[in-house]
Amino acid sequence: MGAVFFMKVACLTLGCRTNQHDTAEMQTLLEREGFVMVGQREKADAYVINTCTVTQKSDTSSRQAVKKSLEINPDALVVFTGCYAQLNPEEAAELPGLDVVLGNADKLEIAQLLKSKLLHPDRRWQKSDTTEIVMSDIHKKRIFRTIPVKNFHGMTKAFIKVQTGCDEKCSFCTVVRARGKSVSDQRENILNNVREAIGTGFKEITLTGINLGTWGMDTGETFSSLVQDIVQLPGDFRVRLSSINPMEIDNDLIRLIAETEKLCSYLHIPLQSGDNEVLRRMRRNYNREQYIDVVHRAANAIPDLGLGADVIVGFPGETETAFENTRKLIEELPISYLHVFSYSSRRGTEANEFKDDVPGHIKKERNKILTQLVAKKSIEFKTKFLNKTATVLIENQRDKKSGELKGHTDNYIPIILDGADTLKNHLVPITLQKISGDHVEGCVL
């Protein structure tokens with residue numbers, strides 16, 4: 001560890017679980033160099049904002065984070081990194097009070113960057129009117145290697161990033177430009193990172209990546225073989241998979257989930273649309289029939305499977321018939337959890353050139369229809385497990401509304417229950433008793 005100098009740094013993360021892992025890596029490097037991590041609402045010497053650009057709303061939230069940080073400390077060094085920063089560095093540099101725009105490929109230089117700014121031996125840090133842009137070529141061939149993370153601040157789950165980037169060319173998505181081509185971390189490095197997390201005391205390991213299931217495609221290996229190695233590690237823990245595309249779910253992975261107690265019975269499989277013509281315009285690498293096949297194979301093999309999905313409503317060219325195809329498919333499939341996004345055009349994407357011919361009020365109505373549908377399906381799913389037992393990972397933070405302990409079952413049912421703080425960060429057997437709002441009330445066995 002570097003010299004102790006008590007400079008305080010706050011990190012704010014927007015967006016996906018991969019971003020959460022990236023932030024944890026940056027925090028680890030900062031702590032190694034003697035920086036003290038504080039909460040995002042606390043006064044700090046520097047604020048690091050790890051941005052998202054998946055929607056216009058996330059762009060807005062990213063920009064607002066700069067303003068909110070400066071309201072806490074107008075003299076702070078503010079660093080803007082993540083996908084918004086990567087795709088729009090010049091635009092970001094115009095934000096008032098922003099000091100550094102840092103590219104995705106440069107995140108692991110954060111500690112040295114802050115040291116050079118805040119701890120320069122010859123000059124004291126002062127804000128200026130110019131913003132520095134530190135941006136490597138994200139598309140240049142690179143070696144991808146993550147570092148062990150022992151502290152995901154305030155979190156009970158460890159996020160382990162196994163790959164980054166994406167080789168798909170979805171017409172609505174900016175990820176390829178923001179994250180570069182798909183590249184896998186080495187198997188042994190991943191296993192070491194998981195061992196570190198288990199040894200630190202994490203009870204749930206979430207495997208994450210920009211296109212998770214493509215791990216190993218660049219090295220001649222399979223993602224299911226990596227998962228098998230991870231669940232065979234010794235320790236009291238379970239493994240959860242973050243979002244994985246349908247064409248990357250093979251029978252070996254389904255078998256592993258079905259047969260392995262350590263592997264959570266939950267899959268989040270992006271759908272985006274249930275209409276083949278819309279999927280074609282989106283340039284997704286599957287059709288409706290292939291998606292149905294994957295879901296049926298998984299649901300038939302995995303007892304008590306929880307199934308999540310993403311869907312976009314109002315994509316250019318989505319007719320009433322196309323939307324109805326999506327609605328019917330979601331109604332028919334055993335989906336228990338759904339992210340519904342109203343389409344918003346993103347600069348630099350192919351779909352940005354399409355005519356956005358679905359009016360805003362229609363997008364809003366379609367979003368409402370699917371949200372209400374999945375709320376009903378979620379209740380039906382939870383009802384099946386009432387008066388049954390399940391294992392819940394009790395989180396470090398209590399439920400804000402009720403003050404009770406909270407957590408999730410392995411198939412992602414949110415639970416609240418009465419209990420002592422000593423249960424936090426433990427895998428606890430419970431009985432599911434009663435549906436209460438979005439949660440199920442449970443009782444410790």
# chains A, B, ... in the order shown; residues from 1 in each chain; ligands from 1
call {"tool": "closest_atom_pairs", "arguments": {"of": "range 259-315 of chain A", "to": "range 340-350 of chain A", "cutoff": "6 Å", "atoms": "only C-alpha atoms", "output": "tab-separated table"}}
result
residue	atom	partner	partner_atom	distance
A:Val311	CA	A:Val340	CA	5.1
A:Ile312	CA	A:Phe341	CA	4.8
A:Val313	CA	A:Ser342	CA	5.0
A:Gly314	CA	A:Tyr343	CA	5.4
A:Phe315	CA	A:Tyr343	CA	5.4
call {"tool": "write_last_selection", "arguments": {"atoms": "N, CA and C atoms", "output": "CSV table (one decimal), in the first residue's frame"}}
result
chain,number,residue,atom,x,y,z
A,311,VAL,N,-37.0,-6.1,-22.7
A,311,VAL,CA,-37.7,-5.9,-24.0
A,311,VAL,C,-37.8,-4.4,-24.3
A,312,ILE,N,-37.7,-4.0,-25.6
A,312,ILE,CA,-37.8,-2.7,-26.0
A,312,ILE,C,-39.1,-2.4,-26.7
A,313,VAL,N,-39.9,-1.5,-26.3
A,313,VAL,CA,-41.1,-1.2,-27.0
A,313,VAL,C,-40.9,0.1,-27.8
A,314,GLY,N,-41.6,0.2,-28.9
A,314,GLY,CA,-41.6,1.4,-29.8
A,314,GLY,C,-40.4,1.5,-30.6
A,315,PHE,N,-39.7,0.3,-30.9
A,315,PHE,CA,-38.6,0.4,-31.9
A,315,PHE,C,-39.1,0.8,-33.2
call {"tool": "residues_around", "arguments": {"residues": "His268 in chain A", "least_positions_apart": "2", "cutoff": "9 Å", "atoms": "only C-alpha atoms", "output": "ChimeraX atom specification"}}
result
/A:241-245,266,270,306-310,337-338
call {"tool": "residues_around", "arguments": {"residues": "Asp167 in chain A", "least_positions_apart": "6", "cutoff": "9 Å", "atoms": "only C-alpha atoms", "output": "PyMOL selection string"}}
result
chain A and resi 176+180-182+211
call {"tool": "write_last_selection", "arguments": {"atoms": "N, CA and C atoms", "output": "PDB file, in the first residue's frame"}}
result
ATOM      1  N   VAL A 176     -20.603  -1.789 -28.686  1.00  0.00           N
ATOM      2  CA  VAL A 176     -19.390  -2.127 -29.429  1.00  0.00           C
ATOM      3  C   VAL A 176     -18.441  -0.937 -29.478  1.00  0.00           C
ATOM      4  N   GLY A 180     -15.542  -1.932 -27.171  1.00  0.00           N
ATOM      5  CA  GLY A 180     -14.628  -2.636 -28.056  1.00  0.00           C
ATOM      6  C   GLY A 180     -15.055  -4.064 -28.340  1.00  0.00           C
ATOM      7  N   LYS A 181     -14.175  -4.810 -28.981  1.00  0.00           N
ATOM      8  CA  LYS A 181     -14.457  -6.192 -29.353  1.00  0.00           C
ATOM      9  C   LYS A 181     -14.436  -7.097 -28.123  1.00  0.00           C
ATOM     10  N   SER A 182     -15.112  -8.237 -28.252  1.00  0.00           N
ATOM     11  CA  SER A 182     -15.185  -9.186 -27.144  1.00  0.00           C
ATOM     12  C   SER A 182     -13.807  -9.782 -26.858  1.00  0.00           C
ATOM     13  N   ASN A 211     -20.951  -9.215 -22.810  1.00  0.00           N
ATOM     14  CA  ASN A 211     -21.678 -10.286 -23.508  1.00  0.00           C
ATOM     15  C   ASN A 211     -21.223 -11.598 -22.887  1.00  0.00           C
TER      16      ASN A 211
END
call {"tool": "residues_around", "arguments": {"residues": "Arg179 in chain A", "least_positions_apart": "4", "cutoff": "7 Å", "atoms": "only C-alpha atoms", "output": "JSON, numbers by chain"}}
result
{"A": [104, 138, 164, 165, 175]}
call {"tool": "residues_around", "arguments": {"residues": "range 219-227 of chain A", "least_positions_apart": "4", "cutoff": "10 Å", "atoms": "only C-alpha atoms", "output": "PyMOL selection string"}}
result
chain A and resi 162+183-188+190-191+207+212-215+231-232+239-241+248-257+263
call {"tool": "closest_residue", "arguments": {"among": "A:Lys406, A:His439, A:Arg327, A:Lys355", "to": "Asn367 in chain A", "atoms": "only C-alpha atoms"}}
result
A:Arg327
call {"tool": "residues_around", "arguments": {"residues": "Glu277 in chain A", "least_positions_apart": "2", "cutoff": "10 Å", "atoms": "only C-alpha atoms", "output": "PyMOL selection string"}}
result
chain A and resi 273-275+279-283+287-288+317-318+322
call {"tool": "select_by_dssp", "arguments": {"residues": "range 251-409 of chain A", "states": "helix (DSSP H, G or I)", "output": "PyMOL selection string"}}
result
chain A and resi 251-259+276-282+288-301+320-332+350-353+360-383
call {"tool": "residues_around", "arguments": {"residues": "Asp59 in chain A", "least_positions_apart": "6", "cutoff": "10 Å", "atoms": "only C-alpha atoms", "output": "list of chain:residue names"}}
result
A:Leu14, A:Thr51, A:Cys52, A:Thr53, A:Cys83, A:Tyr84, A:Ala85
call {"tool": "write_last_selection", "arguments": {"atoms": "C-alpha atoms", "output": "JSON list (two decimals), in the first residue's frame"}}
result
[["chain", "number", "residue", "atom", "x", "y", "z"],
["A", 14, "LEU", "CA", -24.59, 4.09, -13.17],
["A", 51, "THR", "CA", -21.33, 6.55, -16.47],
["A", 52, "CYS", "CA", -23.86, 4.71, -18.62],
["A", 53, "THR", "CA", -25.23, 5.65, -22.03],
["A", 83, "CYS", "CA", -19.58, 4.41, -21.58],
["A", 84, "TYR", "CA", -20.95, 7.97, -21.85],
["A", 85, "ALA", "CA", -17.42, 9.30, -21.43]]
call {"tool": "atom_distance", "arguments": {"atom1": "CA of Asn285 in chain A", "atom2": "CA of Cys166 in chain A"}}
result
12.6 Å
call {"tool": "select_by_dssp", "arguments": {"residues": "range 182-237 of chain A", "states": "strand (DSSP E)", "output": "VMD selection string"}}
result
chain A and resid 183 to 184 204 to 209
call {"tool": "closest_residue", "arguments": {"among": "A:Ala351, A:Val444, A:Val295, A:Leu77", "to": "Lys8 in chain A", "atoms": "only C-alpha atoms"}}
result
A:Leu77
call {"tool": "closest_residue", "arguments": {"among": "A:Lys203, A:Arg297, A:Arg284, A:Arg366", "to": "Thr319 in chain A", "atoms": "only C-alpha atoms"}}
result
A:Arg366
call {"tool": "closest_residue", "arguments": {"among": "A:His139, A:His296, A:Lys368, A:Lys384", "to": "His339 in chain A", "atoms": "only C-alpha atoms"}}
result
A:Lys368
call {"tool": "closest_residue", "arguments": {"among": "A:Asn325, A:Thr260, A:Asn411, A:Thr81", "to": "Gln272 in chain A", "atoms": "only C-alpha atoms"}}
result
A:Asn325
call {"tool": "decode", "arguments": {"residues": "range 183-309 of chain A", "atoms": "C-alpha atoms", "output": "tab-separated table (two decimals), in the first residue's frame"}}
result
chain	number	residue	atom	x	y	z
A	183	VAL	CA	-12.17	-10.37	-25.17
A	184	SER	CA	-12.02	-12.97	-22.40
A	185	ASP	CA	-10.12	-12.96	-19.15
A	186	GLN	CA	-7.94	-16.02	-18.54
A	187	ARG	CA	-9.63	-18.95	-16.81
A	188	GLU	CA	-7.07	-19.19	-13.99
A	189	ASN	CA	-7.21	-15.46	-13.32
A	190	ILE	CA	-11.00	-15.65	-13.03
A	191	LEU	CA	-10.75	-18.63	-10.67
A	192	ASN	CA	-8.22	-16.74	-8.54
A	193	ASN	CA	-10.55	-13.72	-8.42
A	194	VAL	CA	-13.43	-15.95	-7.32
A	195	ARG	CA	-11.24	-17.60	-4.66
A	196	GLU	CA	-10.28	-14.15	-3.36
A	197	ALA	CA	-13.95	-13.13	-3.13
A	198	ILE	CA	-14.91	-16.35	-1.33
A	199	GLY	CA	-11.96	-16.00	1.02
A	200	THR	CA	-13.01	-12.43	1.82
A	201	GLY	CA	-16.42	-13.73	2.89
A	202	PHE	CA	-18.73	-13.10	-0.05
A	203	LYS	CA	-21.55	-15.64	-0.19
A	204	GLU	CA	-22.76	-14.85	-3.70
A	205	ILE	CA	-20.56	-14.56	-6.77
A	206	THR	CA	-22.20	-12.89	-9.77
A	207	LEU	CA	-20.46	-13.58	-13.06
A	208	THR	CA	-20.73	-10.60	-15.34
A	209	GLY	CA	-19.56	-9.32	-18.69
A	210	ILE	CA	-20.71	-7.15	-21.56
A	211	ASN	CA	-21.68	-10.29	-23.51
A	212	LEU	CA	-21.23	-12.86	-20.77
A	213	GLY	CA	-21.89	-16.09	-22.64
A	214	THR	CA	-19.26	-15.34	-25.29
A	215	TRP	CA	-16.50	-15.93	-22.75
A	216	GLY	CA	-13.98	-18.32	-24.29
A	217	MET	CA	-15.05	-17.90	-27.91
A	218	ASP	CA	-11.77	-16.08	-28.59
A	219	THR	CA	-9.73	-18.82	-26.90
A	220	GLY	CA	-11.54	-21.98	-28.01
A	221	GLU	CA	-13.21	-22.58	-24.63
A	222	THR	CA	-16.84	-22.67	-23.51
A	223	PHE	CA	-18.57	-20.54	-20.91
A	224	SER	CA	-20.28	-23.60	-19.39
A	225	SER	CA	-16.87	-25.20	-18.74
A	226	LEU	CA	-15.78	-22.07	-16.84
A	227	VAL	CA	-18.95	-22.12	-14.74
A	228	GLN	CA	-18.35	-25.78	-13.94
A	229	ASP	CA	-14.84	-25.00	-12.66
A	230	ILE	CA	-16.17	-22.16	-10.50
A	231	VAL	CA	-18.95	-24.15	-8.81
A	232	GLN	CA	-16.44	-26.88	-7.99
A	233	LEU	CA	-14.39	-24.50	-5.85
A	234	PRO	CA	-14.67	-25.21	-2.11
A	235	GLY	CA	-16.58	-22.84	0.18
A	236	ASP	CA	-20.01	-21.74	1.37
A	237	PHE	CA	-21.18	-19.65	-1.58
A	238	ARG	CA	-23.51	-19.62	-4.54
A	239	VAL	CA	-23.05	-18.41	-8.11
A	240	ARG	CA	-25.43	-16.21	-10.08
A	241	LEU	CA	-25.22	-15.44	-13.78
A	242	SER	CA	-25.94	-11.93	-14.98
A	243	SER	CA	-27.68	-11.31	-18.30
A	244	ILE	CA	-26.83	-13.91	-20.96
A	245	ASN	CA	-28.00	-13.92	-24.57
A	246	PRO	CA	-30.15	-16.85	-25.75
A	247	MET	CA	-27.74	-18.21	-28.36
A	248	GLU	CA	-25.00	-18.55	-25.73
A	249	ILE	CA	-27.06	-20.86	-23.49
A	250	ASP	CA	-26.07	-24.43	-24.35
A	251	ASN	CA	-27.38	-27.69	-22.95
A	252	ASP	CA	-24.29	-28.07	-20.74
A	253	LEU	CA	-25.09	-24.79	-18.98
A	254	ILE	CA	-28.73	-25.78	-18.54
A	255	ARG	CA	-27.66	-29.13	-17.10
A	256	LEU	CA	-25.27	-27.44	-14.69
A	257	ILE	CA	-27.96	-25.11	-13.35
A	258	ALA	CA	-30.38	-28.01	-13.01
A	259	GLU	CA	-27.94	-30.28	-11.18
A	260	THR	CA	-25.72	-27.91	-9.17
A	261	GLU	CA	-26.97	-26.56	-5.85
A	262	LYS	CA	-24.38	-23.78	-5.85
A	263	LEU	CA	-25.63	-22.37	-9.15
A	264	CYS	CA	-28.69	-20.13	-8.82
A	265	SER	CA	-31.83	-21.28	-10.63
A	266	TYR	CA	-32.23	-17.99	-12.44
A	267	LEU	CA	-31.57	-16.87	-16.00
A	268	HIS	CA	-31.91	-13.35	-17.36
A	269	ILE	CA	-32.26	-13.77	-21.13
A	270	PRO	CA	-32.70	-10.57	-23.17
A	271	LEU	CA	-35.66	-10.80	-25.57
A	272	GLN	CA	-35.94	-7.20	-26.91
A	273	SER	CA	-38.89	-8.14	-29.16
A	274	GLY	CA	-41.18	-11.09	-29.80
A	275	ASP	CA	-41.64	-10.17	-33.45
A	276	ASN	CA	-39.29	-11.61	-36.07
A	277	GLU	CA	-39.31	-8.55	-38.35
A	278	VAL	CA	-38.44	-6.23	-35.46
A	279	LEU	CA	-35.70	-8.65	-34.33
A	280	ARG	CA	-34.31	-8.59	-37.88
A	281	ARG	CA	-34.25	-4.78	-37.92
A	282	MET	CA	-32.60	-4.85	-34.51
A	283	ARG	CA	-29.97	-7.23	-35.96
A	284	ARG	CA	-30.39	-9.64	-33.07
A	285	ASN	CA	-28.70	-13.00	-33.72
A	286	TYR	CA	-31.81	-15.09	-32.99
A	287	ASN	CA	-35.47	-15.21	-33.95
A	288	ARG	CA	-38.65	-15.71	-31.97
A	289	GLU	CA	-38.63	-19.48	-32.44
A	290	GLN	CA	-35.03	-19.84	-31.26
A	291	TYR	CA	-35.79	-17.80	-28.14
A	292	ILE	CA	-38.81	-19.95	-27.34
A	293	ASP	CA	-36.72	-23.11	-27.78
A	294	VAL	CA	-34.04	-21.93	-25.35
A	295	VAL	CA	-36.59	-20.91	-22.72
A	296	HIS	CA	-38.52	-24.16	-22.99
A	297	ARG	CA	-35.36	-26.27	-22.74
A	298	ALA	CA	-34.28	-24.34	-19.63
A	299	ALA	CA	-37.71	-24.30	-17.97
A	300	ASN	CA	-38.28	-28.01	-18.59
A	301	ALA	CA	-34.90	-28.98	-17.14
A	302	ILE	CA	-34.46	-26.58	-14.20
A	303	PRO	CA	-36.84	-26.96	-11.26
A	304	ASP	CA	-38.26	-23.66	-9.94
A	305	LEU	CA	-36.45	-21.60	-12.59
A	306	GLY	CA	-36.78	-17.83	-12.29
A	307	LEU	CA	-36.70	-16.19	-15.71
A	308	GLY	CA	-35.96	-12.54	-16.41
A	309	ALA	CA	-35.89	-10.69	-19.72
